[in-house]
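Visitor: My structure file data33.csv, CSV, C-alpha atoms, is below:
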```csv
chain,number,residue,atom,x,y,z
A,12,MET,CA,25.4,-6.2,-17.2
A,13,ALA,CA,26.2,-4.3,-13.9
A,14,LEU,CA,28.0,-1.6,-15.9
A,15,PHE,CA,24.7,-0.3,-17.3
A,16,ARG,CA,22.8,-0.4,-14.0
A,17,PHE,CA,22.8,1.8,-11.0
A,18,THR,CA,21.8,1.4,-7.4
A,19,LYS,CA,21.0,4.1,-4.8
A,20,LYS,CA,20.4,3.2,-1.2
A,21,CYS,CA,19.5,5.2,1.9
A,22,SER,CA,18.3,4.2,5.4
A,23,ALA,CA,16.6,6.3,8.1
A,24,ALA,CA,15.0,5.7,11.5
A,25,LEU,CA,11.5,7.1,11.3
A,26,ARG,CA,9.2,7.9,14.2
A,27,GLY,CA,6.3,5.5,13.5
A,28,GLU,CA,5.3,1.9,13.8
A,29,ALA,CA,6.3,-0.6,11.1
A,30,SER,CA,2.6,-1.3,10.5
A,31,LEU,CA,1.8,2.4,9.9
A,32,LEU,CA,4.7,2.7,7.5
A,33,TYR,CA,3.6,-0.5,5.7
A,34,GLU,CA,0.1,0.9,5.5
A,35,ILE,CA,1.4,4.2,3.8
A,36,LEU,CA,3.6,2.3,1.4
A,37,THR,CA,0.8,0.0,0.3
A,38,ASP,CA,-1.8,2.7,0.0
A,39,TYR,CA,-1.2,3.1,-3.7
A,40,ASP,CA,-4.1,5.5,-4.2
A,41,SER,CA,-2.2,8.0,-2.0
A,42,TYR,CA,1.3,8.0,-3.5
A,43,PHE,CA,0.6,11.3,-5.3
A,44,GLU,CA,0.3,12.9,-1.8
A,45,TRP,CA,4.0,12.3,-1.0
A,46,MET,CA,6.1,10.5,-3.5
A,47,PRO,CA,8.3,12.9,-5.5
A,48,LEU,CA,7.2,13.5,-9.1
A,49,VAL,CA,4.1,11.4,-8.7
A,50,SER,CA,1.1,13.6,-9.6
A,51,GLU,CA,-1.6,10.8,-9.9
A,52,SER,CA,-1.8,7.4,-8.3
A,53,LYS,CA,-4.4,4.7,-8.5
A,54,LEU,CA,-4.7,1.1,-7.3
A,55,LEU,CA,-5.9,-1.0,-10.3
A,56,ALA,CA,-6.0,-4.4,-8.7
A,57,LYS,CA,-4.9,-6.2,-5.5
A,58,GLU,CA,-4.8,-9.9,-4.6
A,59,GLY,CA,-2.8,-11.2,-1.7
A,60,ASP,CA,0.7,-9.9,-1.8
A,61,LEU,CA,0.5,-8.6,-5.3
A,62,ALA,CA,-1.0,-5.3,-6.4
A,63,ILE,CA,-1.1,-3.5,-9.7
A,64,ALA,CA,-1.2,0.3,-9.7
A,65,GLU,CA,-0.9,3.2,-12.1
A,66,PHE,CA,1.3,6.2,-11.3
A,67,GLY,CA,1.0,9.4,-13.3
A,68,PHE,CA,4.3,11.5,-13.4
A,69,SER,CA,4.7,15.2,-13.8
A,70,ASN,CA,7.6,16.7,-15.6
A,71,PRO,CA,9.9,15.8,-17.2
A,72,PHE,CA,8.1,12.9,-18.8
A,73,LYS,CA,4.4,13.4,-18.3
A,74,GLU,CA,3.1,9.9,-18.7
A,75,LYS,CA,1.3,7.1,-16.8
A,76,VAL,CA,3.3,4.1,-15.7
A,77,ALA,CA,1.8,0.8,-14.6
A,78,VAL,CA,3.6,-0.8,-11.7
A,79,GLU,CA,3.5,-4.2,-10.1
A,80,CYS,CA,3.9,-4.1,-6.3
A,81,ILE,CA,4.9,-7.1,-4.2
A,82,HIS,CA,4.7,-6.8,-0.5
A,83,THR,CA,5.4,-8.7,2.7
A,84,LYS,CA,3.3,-7.5,5.6
A,85,ASN,CA,5.1,-4.9,7.7
A,86,LYS,CA,8.5,-5.8,6.2
A,87,MET,CA,8.9,-5.1,2.5
A,88,VAL,CA,7.3,-3.3,-0.4
A,89,LEU,CA,8.8,-3.8,-3.9
A,90,ILE,CA,7.6,-1.7,-6.8
A,91,ARG,CA,8.5,-2.5,-10.4
A,92,PRO,CA,7.4,-0.4,-13.4
A,93,ILE,CA,5.8,-2.6,-16.1
A,94,SER,CA,5.4,0.1,-18.7
A,95,GLY,CA,6.7,3.5,-19.5
A,96,ARG,CA,10.1,5.3,-19.7
A,97,LEU,CA,10.9,5.6,-16.1
A,98,PRO,CA,14.7,5.1,-15.7
A,99,VAL,CA,14.1,2.9,-12.6
A,100,THR,CA,13.7,-0.9,-12.6
A,101,GLN,CA,12.6,-1.2,-9.0
A,102,PHE,CA,12.0,0.6,-5.7
A,103,GLU,CA,12.5,-1.7,-2.7
A,104,TRP,CA,11.3,-0.4,0.7
A,105,THR,CA,12.5,-2.5,3.6
A,106,ILE,CA,11.0,-1.9,7.1
A,107,GLU,CA,12.5,-3.1,10.4
A,108,PRO,CA,11.2,-2.4,13.8
A,109,ALA,CA,13.7,-0.2,15.8
A,110,ALA,CA,13.3,1.4,19.2
A,111,GLU,CA,9.8,1.7,20.6
A,112,GLY,CA,7.6,3.6,18.3
A,113,HIS,CA,10.3,3.8,15.6
A,114,ALA,CA,11.1,1.8,12.5
A,115,SER,CA,14.2,1.7,10.4
A,116,VAL,CA,13.4,2.1,6.7
A,117,THR,CA,15.7,1.4,3.8
A,118,LEU,CA,15.0,2.4,0.2
A,119,GLN,CA,17.0,0.9,-2.5
A,120,ILE,CA,16.4,2.3,-6.0
A,121,GLU,CA,17.7,0.3,-9.0
A,122,GLY,CA,17.7,1.4,-12.6
A,123,LYS,CA,19.2,1.2,-16.0
A,124,VAL,CA,21.7,3.8,-17.1
A,125,ASN,CA,20.3,5.7,-20.0
A,126,TRP,CA,20.3,9.3,-21.1
A,127,SER,CA,17.1,10.2,-19.3
A,128,ARG,CA,18.7,9.5,-15.9
A,129,PHE,CA,20.8,12.6,-16.4
A,130,LEU,CA,17.9,15.0,-16.9
A,131,PRO,CA,17.7,17.2,-13.8
A,132,GLY,CA,13.9,16.7,-13.7
A,133,PHE,CA,14.3,13.1,-12.8
A,134,ARG,CA,16.6,13.7,-9.8
A,135,PRO,CA,13.8,13.8,-7.2
A,136,ILE,CA,12.7,10.2,-8.0
A,137,LEU,CA,16.3,8.9,-8.1
A,138,ASN,CA,17.1,10.5,-4.8
A,139,ALA,CA,16.6,7.8,-2.2
A,140,ALA,CA,17.2,10.2,0.7
A,141,GLY,CA,14.6,12.6,-0.7
A,142,CYS,CA,12.0,9.9,-1.1
A,143,LEU,CA,12.6,8.8,2.5
A,144,LYS,CA,12.2,12.4,3.7
A,145,SER,CA,8.9,12.6,1.8
A,146,LEU,CA,7.8,9.4,3.4
A,147,ASP,CA,8.6,10.9,6.8
A,148,SER,CA,6.4,13.9,6.1
A,149,GLN,CA,3.6,11.6,5.2
A,150,LEU,CA,4.1,9.6,8.3
A,151,ALA,CA,3.9,12.8,10.4
A,152,ALA,CA,0.4,13.3,9.0
A,153,PHE,CA,-0.8,10.1,10.5
A,154,SER,CA,1.2,9.9,13.7
A,155,SER,CA,-0.8,10.2,16.8
A,156,GLU,CA,2.2,11.5,18.8
A,157,PHE,CA,2.9,14.5,16.6
A,158,VAL,CA,5.1,17.2,18.0
A,159,LEU,CA,6.8,20.0,16.3
A,160,GLU,CA,10.4,20.8,17.3
A,161,ASP,CA,9.3,23.2,20.0
A,162,LYS,CA,8.0,20.9,22.7
A,163,ASP,CA,7.1,23.8,24.9
A,164,GLY,CA,4.9,25.3,22.2
A,165,GLN,CA,1.2,25.5,22.9
A,166,ARG,CA,-1.1,23.9,20.3
A,167,VAL,CA,-3.4,26.6,18.9
A,168,LEU,CA,-4.9,25.0,15.9
A,169,GLU,CA,-5.0,21.5,14.4
A,170,LEU,CA,-6.9,20.2,11.4
A,171,MET,CA,-7.4,16.5,10.8
A,172,GLU,CA,-9.2,14.8,7.9
A,173,THR,CA,-11.2,11.9,9.2
A,174,GLU,CA,-14.0,9.6,7.9
A,175,GLN,CA,-16.5,11.8,9.8
A,176,GLY,CA,-15.3,15.0,8.1
A,177,LEU,CA,-12.7,17.6,9.0
A,178,VAL,CA,-12.0,17.7,12.7
A,179,CYS,CA,-10.6,21.0,14.0
A,180,TRP,CA,-9.1,21.7,17.4
A,181,PHE,CA,-9.0,25.4,18.1
A,182,ARG,CA,-7.9,26.8,21.5
A,183,GLY,CA,-8.6,23.5,23.2
A,184,LYS,CA,-12.1,23.0,21.7
A,185,LYS,CA,-13.0,20.3,19.1
A,186,TYR,CA,-15.1,21.2,16.1
A,187,LEU,CA,-16.5,18.9,13.4
A,188,MET,CA,-16.8,20.3,9.9
A,189,LYS,CA,-18.8,18.6,7.2
A,190,PRO,CA,-19.0,19.3,3.4
A,191,GLU,CA,-21.7,21.9,2.6
A,192,GLY,CA,-24.9,20.2,1.6
A,193,ASN,CA,-24.6,17.2,3.9
B,13,MET,CA,10.4,-10.6,-20.3
B,14,ILE,CA,7.9,-8.1,-21.8
B,15,LYS,CA,4.9,-7.2,-19.6
B,16,ALA,CA,1.8,-5.2,-20.0
B,17,VAL,CA,-1.3,-4.3,-17.9
B,18,ILE,CA,-4.6,-4.5,-19.7
B,19,ASN,CA,-7.7,-2.9,-18.2
B,20,LEU,CA,-10.9,-4.6,-19.4
B,21,GLU,CA,-14.5,-3.5,-18.7
B,22,ALA,CA,-15.7,-7.1,-18.5
B,23,PRO,CA,-16.0,-9.7,-15.7
B,24,ARG,CA,-13.1,-12.0,-15.0
B,25,GLU,CA,-15.1,-15.1,-16.1
B,26,HIS,CA,-15.8,-13.5,-19.4
B,27,VAL,CA,-12.2,-12.6,-20.0
B,28,TYR,CA,-11.1,-16.1,-19.1
B,29,GLN,CA,-13.7,-17.6,-21.5
B,30,ILE,CA,-12.3,-15.4,-24.3
B,31,LEU,CA,-8.7,-16.4,-23.5
B,32,THR,CA,-9.5,-20.1,-23.4
B,33,ASP,CA,-11.7,-20.1,-26.5
B,34,TYR,CA,-8.7,-21.0,-28.7
B,35,PRO,CA,-10.6,-21.4,-32.0
B,36,GLY,CA,-12.0,-17.9,-31.4
B,37,TYR,CA,-8.6,-16.4,-31.4
B,38,LYS,CA,-9.0,-15.6,-35.1
B,39,ASN,CA,-11.8,-13.1,-34.1
B,40,TRP,CA,-9.5,-10.9,-32.0
B,41,LEU,CA,-5.9,-11.8,-31.7
B,42,PRO,CA,-4.0,-9.5,-34.1
B,43,GLY,CA,-2.5,-11.5,-37.1
B,44,CYS,CA,-4.2,-14.8,-36.1
B,45,GLU,CA,-5.6,-16.6,-39.1
B,46,LYS,CA,-6.4,-19.9,-37.6
B,47,CYS,CA,-6.2,-21.7,-34.2
B,48,THR,CA,-6.9,-25.4,-34.0
B,49,VAL,CA,-7.1,-27.4,-30.8
B,50,LEU,CA,-5.2,-30.7,-31.4
B,51,SER,CA,-5.7,-32.3,-28.0
B,52,SER,CA,-7.0,-31.4,-24.6
B,53,SER,CA,-6.5,-32.9,-21.2
B,54,GLY,CA,-7.9,-31.2,-18.1
B,55,ASN,CA,-6.9,-27.6,-18.2
B,56,ALA,CA,-4.2,-28.1,-20.8
B,57,SER,CA,-4.7,-27.8,-24.5
B,58,ASP,CA,-2.3,-28.3,-27.4
B,59,THR,CA,-3.0,-26.1,-30.3
B,60,GLU,CA,-1.7,-25.1,-33.7
B,61,ILE,CA,-1.9,-21.5,-34.4
B,62,VAL,CA,-1.3,-19.7,-37.7
B,63,VAL,CA,-0.1,-16.1,-37.3
B,64,ASN,CA,0.4,-13.7,-40.2
B,65,SER,CA,2.0,-10.5,-39.1
B,66,MET,CA,5.5,-9.7,-40.3
B,67,LYS,CA,5.8,-13.2,-41.6
B,68,LYS,CA,3.4,-16.2,-41.8
B,69,MET,CA,4.2,-18.6,-39.0
B,70,THR,CA,2.7,-21.8,-37.7
B,71,LEU,CA,3.3,-22.4,-34.0
B,72,GLY,CA,2.5,-25.4,-31.8
B,73,LEU,CA,1.4,-23.9,-28.5
B,74,ARG,CA,0.4,-25.6,-25.2
B,75,PHE,CA,-2.0,-23.6,-23.0
B,76,GLU,CA,-2.5,-24.4,-19.4
B,77,GLY,CA,-5.3,-22.6,-17.6
B,78,GLN,CA,-6.2,-22.1,-13.9
B,79,LEU,CA,-9.9,-21.4,-14.0
B,80,ASN,CA,-10.6,-17.6,-13.9
B,81,GLN,CA,-7.2,-17.0,-12.5
B,82,ALA,CA,-4.5,-17.4,-15.1
B,83,LEU,CA,-3.5,-18.8,-18.5
B,84,ASN,CA,0.0,-19.9,-19.3
B,85,PHE,CA,1.4,-20.8,-22.7
B,86,ARG,CA,4.6,-22.1,-24.2
B,87,LEU,CA,5.9,-23.1,-27.5
B,88,LEU,CA,5.9,-26.8,-28.4
B,89,ARG,CA,7.2,-26.5,-32.0
B,90,SER,CA,8.0,-23.9,-34.6
B,91,LYS,CA,10.2,-23.6,-37.6
B,92,ASP,CA,10.6,-19.9,-37.2
B,93,ILE,CA,11.3,-19.1,-33.5
B,94,ARG,CA,13.3,-20.9,-30.8
B,95,ALA,CA,11.2,-20.2,-27.8
B,96,TYR,CA,8.0,-18.4,-27.0
B,97,SER,CA,6.2,-18.4,-23.6
B,98,GLY,CA,4.0,-16.2,-21.5
B,99,SER,CA,1.0,-15.8,-19.3
B,100,TYR,CA,-2.1,-13.9,-18.6
B,101,ARG,CA,-2.9,-13.3,-15.0
B,102,LEU,CA,-6.5,-12.1,-14.2
B,103,MET,CA,-7.3,-9.9,-11.2
B,104,ASP,CA,-10.5,-8.1,-10.2
B,105,SER,CA,-10.1,-4.4,-10.7
B,106,ALA,CA,-10.0,-2.4,-7.5
B,107,ASP,CA,-12.9,-0.2,-8.6
B,108,GLY,CA,-15.1,-3.3,-9.1
B,109,LYS,CA,-15.8,-2.4,-12.8
B,110,GLY,CA,-13.9,-5.1,-14.6
B,111,THR,CA,-10.7,-7.1,-14.9
B,112,VAL,CA,-7.1,-6.3,-14.9
B,113,VAL,CA,-4.9,-8.6,-16.9
B,114,VAL,CA,-1.2,-8.8,-16.4
B,115,ALA,CA,0.3,-10.1,-19.6
B,116,GLU,CA,3.8,-11.5,-19.9
B,117,MET,CA,5.6,-12.6,-22.9
B,118,GLU,CA,9.1,-13.9,-23.8
B,119,ILE,CA,10.4,-14.7,-27.3
B,120,ASP,CA,13.6,-16.1,-28.5
B,121,ALA,CA,13.8,-15.7,-32.2
B,122,GLY,CA,17.2,-17.3,-32.5
B,123,ALA,CA,20.7,-15.9,-32.9
B,124,MET,CA,20.0,-14.1,-36.2
B,125,VAL,CA,17.6,-11.5,-34.7
B,126,PRO,CA,19.0,-9.1,-32.0
B,127,LYS,CA,17.2,-9.3,-28.6
B,128,PHE,CA,16.4,-5.6,-28.5
B,129,MET,CA,14.6,-5.9,-31.8
B,130,VAL,CA,12.6,-8.9,-30.7
B,131,ASP,CA,11.7,-7.2,-27.5
B,132,ARG,CA,10.5,-4.1,-29.4
B,133,ILE,CA,8.3,-6.3,-31.7
B,134,ALA,CA,7.0,-8.3,-28.6
B,135,LYS,CA,6.1,-5.0,-26.8
B,136,LYS,CA,4.2,-3.8,-29.8
B,137,SER,CA,2.5,-7.1,-30.2
B,138,ILE,CA,1.5,-7.3,-26.5
B,139,ASP,CA,0.1,-3.8,-26.6
B,140,GLU,CA,-1.9,-4.5,-29.8
B,141,THR,CA,-3.2,-7.8,-28.2
B,142,GLY,CA,-4.3,-5.8,-25.2
B,143,ALA,CA,-6.1,-3.2,-27.2
B,144,SER,CA,-7.8,-5.8,-29.4
B,145,LEU,CA,-8.8,-7.9,-26.3
B,146,ARG,CA,-10.3,-4.8,-24.7
B,147,ARG,CA,-12.5,-4.1,-27.8
B,148,TYR,CA,-13.5,-7.8,-28.2
B,149,ALA,CA,-14.4,-8.3,-24.5
B,150,LEU,CA,-17.0,-5.4,-24.9
B,151,LYS,CA,-18.8,-6.9,-27.8
B,152,ALA,CA,-18.4,-10.7,-27.4
B,153,PRO,CA,-21.3,-12.4,-25.8
B,154,MET,CA,-20.6,-14.1,-22.5
B,155,LYS,CA,-21.4,-17.8,-22.3
B,156,ALA,CA,-23.2,-19.1,-19.2
B,157,ALA,CA,-20.7,-20.7,-16.9
B,158,ALA,CA,-20.5,-21.4,-13.2
B,159,PRO,CA,-18.1,-18.8,-11.8
B,160,ALA,CA,-15.4,-20.2,-9.6
B,161,VAL,CA,-14.2,-16.9,-8.4
B,162,LYS,CA,-16.8,-14.2,-7.8
B,163,ALA,CA,-15.9,-10.9,-9.3
B,164,ALA,CA,-17.0,-7.8,-7.4
B,165,ALA,CA,-20.1,-6.2,-9.0
B,166,PRO,CA,-19.9,-2.5,-9.6
B,167,GLY,CA,-20.5,-0.6,-6.4
B,168,GLU,CA,-19.7,-3.7,-4.4
B,169,VAL,CA,-16.1,-2.7,-3.6
B,170,ALA,CA,-15.2,-2.7,0.0
B,171,VAL,CA,-14.7,0.8,1.3
B,172,LYS,CA,-11.2,1.1,2.7
B,173,ALA,CA,-11.1,2.4,6.3
B,174,ARG,CA,-8.8,5.4,6.4
B,175,ARG,CA,-6.8,6.7,9.3
B,176,ALA,CA,-7.3,10.2,10.4
B,177,LYS,CA,-4.9,12.4,8.6
B,178,ARG,CA,-3.3,15.6,9.9
B,179,ILE,CA,-3.5,18.5,7.5
B,180,LEU,CA,-2.5,21.5,9.6
B,181,TYR,CA,-0.9,22.0,13.0
B,182,VAL,CA,-0.1,25.4,14.5
B,183,VAL,CA,1.7,25.9,17.8
B,184,ARG,CA,2.4,29.2,19.6
B,185,ILE,CA,6.1,29.5,20.3
B,186,GLN,CA,8.1,32.3,21.8
B,187,GLY,CA,8.0,35.2,19.4
B,188,GLY,CA,5.6,33.7,16.9
B,189,TYR,CA,4.0,30.5,15.5
B,190,ARG,CA,5.3,27.3,14.1
B,191,VAL,CA,3.1,25.9,11.3
B,192,TRP,CA,3.1,22.4,10.0
B,193,MET,CA,1.0,22.0,6.8
B,194,MET,CA,0.9,18.9,4.6
B,195,GLY,CA,4.4,17.8,5.6
B,196,GLU,CA,6.1,21.1,5.4
B,197,SER,CA,7.1,23.2,8.4
B,198,TYR,CA,7.1,27.0,8.6
B,199,VAL,CA,7.9,29.6,11.2
B,200,LEU,CA,5.9,32.8,11.5
B,201,LYS,CA,7.6,35.5,13.5
B,202,ASP,CA,5.7,38.2,15.3
B,203,LYS,CA,6.1,41.6,13.5
B,204,ALA,CA,8.1,43.0,16.4
B,205,ASN,CA,10.8,40.3,16.2
```
I'd like the structure from this file rewritten - as structure tokens, please.
Guide:
Amino acid sequence: MALFRFTKKCSAALRGEASLLYEILTDYDSYFEWMPLVSESKLLAKEGDLAIAEFGFSNPFKEKVAVECIHTKNKMVLIRPISGRLPVTQFEWTIEPAAEGHASVTLQIEGKVNWSRFLPGFRPILNAAGCLKSLDSQLAAFSSEFVLEDKDGQRVLELMETEQGLVCWFRGKKYLMKPEGN
Amino acid sequence: MIKAVINLEAPREHVYQILTDYPGYKNWLPGCEKCTVLSSSGNASDTEIVVNSMKKMTLGLRFEGQLNQALNFRLLRSKDIRAYSGSYRLMDSADGKGTVVVAEMEIDAGAMVPKFMVDRIAKKSIDETGASLRRYALKAPMKAAAPAVKAAAPGEVAVKARRAKRILYVVRIQGGYRVWMMGESYVLKDKAN
């Protein structure tokens, strides 16, 4: 019944290796950091190419949605809601290596047409281009060759979260910060 | 196909034991009055199950299990419904504290009952089954069995290595600063500009 379904698709070339993109897209614990409307995310189980995760959504429909995720290493991540009222039946991320250090990412969002789709609050999650932009922002947080638009600008301060603690570069010197009490 | 995710605070072997203890279904499966094993061969068992929920029904079901991994079932005979099949897939929970069961169910009640109505009933049924299984898994004693797949013990979960993540980046530019913070970029201009 194609009449009652919709598809939204968007592609972009992102500065990052396919493996890093795949790592971000399969880090289900961290979706809340970048995916629009997702306020909580938790990996429930993972076995081989299948994972089960739970996403908590903020307005307009505050609820938790269980999703099944099927992935092919460095190529594809498919996310399908199992429960909940999300007006989306699947998010399909496809990754293809592009020029050196870049990857082409396509997001296809499929869903069923129902009244909730027209609520303005749902727009961010139905906006494939917006989701790709959010992914690009998350990618920048992990990229080792990070540059802001002004290439001539001089780095004054950089703060990184690492397994050792917070690493801070300030005026060319590196500092390691640990939580108080450690 | 109706699906549900059931989180259980019980080891995978225990959950598999409960799901394959067909005569024990009457202890936890909502509406189940009786479940009799008619024949068994290897991992397959033919059963007759009497369910009394909206209507009393006798179903002939074949269960096929994969030790501690999955249990599939399908309808062999029934006077009341045309087709009924489904599966339970068992996975170790990522936090190492139990089992995650992915339940799937498909019912065809025949031409007289609309599909949306059947799906609604099936969804309710699968949710009630999950809640009931969750309660029963906590109180049912675990039978000793040689585990084929080792479930992770609490606290035994592999710690995921995380990449260094940039939080803040500030560069001095002509006439001010450009700030990148958690994915957003800002420009701070000197007061004079």
Visitor: Looking at A:Ser155, A:Thr117, A:Gln165, A:Thr100, which one is nearest to Leu25 in chain A, with distances taken over only C-alpha atoms?
Guide: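 Closest residue, counting only C-alpha atoms: A:Thr117.
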Visitor: Between CA of Trp192 in chain B and CA of Leu180 in chain B, what distance in Å does the model show, to one decimal?
Guide: 5.7 Å
Visitor: Expressed in Å to a single decimal, how great is the separation between CA of Pro23 in chain B and CA of Glu79 in chain A?
Guide: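 These two atoms are separated by 21.0 Å.
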Visitor: In Å to one decimal, how far is CA of Asp40 in chain A from CA of Val113 in chain B?
Guide: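 Those two atoms sit 19.0 Å apart.
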Visitor: Mind listing as a count of residues only which residues of chain A are within 8 Å of chain B, counting only C-alpha atoms?
Guide: 28
Visitor: Could you list, as a PDB file with C-alpha atoms, in the coordinates of the input, every residue within 12 Å of Leu41 in chain B, counting all atoms listed in the file and ignoring same-chain residues fewer than 5 positions away?
Guide:
```pdb
ATOM      1  CA  ILE B  30     -12.300 -15.400 -24.300  1.00  0.00           C
ATOM      2  CA  LEU B  31      -8.700 -16.400 -23.500  1.00  0.00           C
ATOM      3  CA  ASP B  33     -11.700 -20.100 -26.500  1.00  0.00           C
ATOM      4  CA  TYR B  34      -8.700 -21.000 -28.700  1.00  0.00           C
ATOM      5  CA  PRO B  35     -10.600 -21.400 -32.000  1.00  0.00           C
ATOM      6  CA  GLY B  36     -12.000 -17.900 -31.400  1.00  0.00           C
ATOM      7  CA  LYS B  46      -6.400 -19.900 -37.600  1.00  0.00           C
ATOM      8  CA  CYS B  47      -6.200 -21.700 -34.200  1.00  0.00           C
ATOM      9  CA  ILE B  61      -1.900 -21.500 -34.400  1.00  0.00           C
ATOM     10  CA  VAL B  62      -1.300 -19.700 -37.700  1.00  0.00           C
ATOM     11  CA  VAL B  63      -0.100 -16.100 -37.300  1.00  0.00           C
ATOM     12  CA  ASN B  64       0.400 -13.700 -40.200  1.00  0.00           C
ATOM     13  CA  SER B  65       2.000 -10.500 -39.100  1.00  0.00           C
ATOM     14  CA  SER B 137       2.500  -7.100 -30.200  1.00  0.00           C
ATOM     15  CA  ILE B 138       1.500  -7.300 -26.500  1.00  0.00           C
ATOM     16  CA  ASP B 139       0.100  -3.800 -26.600  1.00  0.00           C
ATOM     17  CA  GLU B 140      -1.900  -4.500 -29.800  1.00  0.00           C
ATOM     18  CA  THR B 141      -3.200  -7.800 -28.200  1.00  0.00           C
ATOM     19  CA  GLY B 142      -4.300  -5.800 -25.200  1.00  0.00           C
ATOM     20  CA  ALA B 143      -6.100  -3.200 -27.200  1.00  0.00           C
ATOM     21  CA  SER B 144      -7.800  -5.800 -29.400  1.00  0.00           C
ATOM     22  CA  LEU B 145      -8.800  -7.900 -26.300  1.00  0.00           C
ATOM     23  CA  ARG B 146     -10.300  -4.800 -24.700  1.00  0.00           C
ATOM     24  CA  ARG B 147     -12.500  -4.100 -27.800  1.00  0.00           C
ATOM     25  CA  TYR B 148     -13.500  -7.800 -28.200  1.00  0.00           C
ATOM     26  CA  ALA B 149     -14.400  -8.300 -24.500  1.00  0.00           C
TER      27      ALA B 149
END
```
Visitor: With distances taken over only C-alpha atoms, which of A:Lys84, A:Arg91, A:Arg96, A:His113 is nearest to Phe68 in chain A?
Guide: A:Arg96
Visitor: Counting all atoms listed in the file, what is within 12 Å of Met124 in chain B, bar same-chain residues fewer than 6 positions away, as an mmCIF file with C-alpha atoms, keeping the file's coordinate frame?
Guide:
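Okay, this is what ended up in out-v1.cif:
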```cif
data_model
loop_
_atom_site.group_PDB
_atom_site.id
_atom_site.type_symbol
_atom_site.label_atom_id
_atom_site.label_comp_id
_atom_site.auth_asym_id
_atom_site.auth_seq_id
_atom_site.Cartn_x
_atom_site.Cartn_y
_atom_site.Cartn_z
ATOM 1 C CA ASP B 92 10.600 -19.900 -37.200
ATOM 2 C CA ILE B 93 11.300 -19.100 -33.500
ATOM 3 C CA ARG B 94 13.300 -20.900 -30.800
ATOM 4 C CA VAL B 130 12.600 -8.900 -30.700
#
```
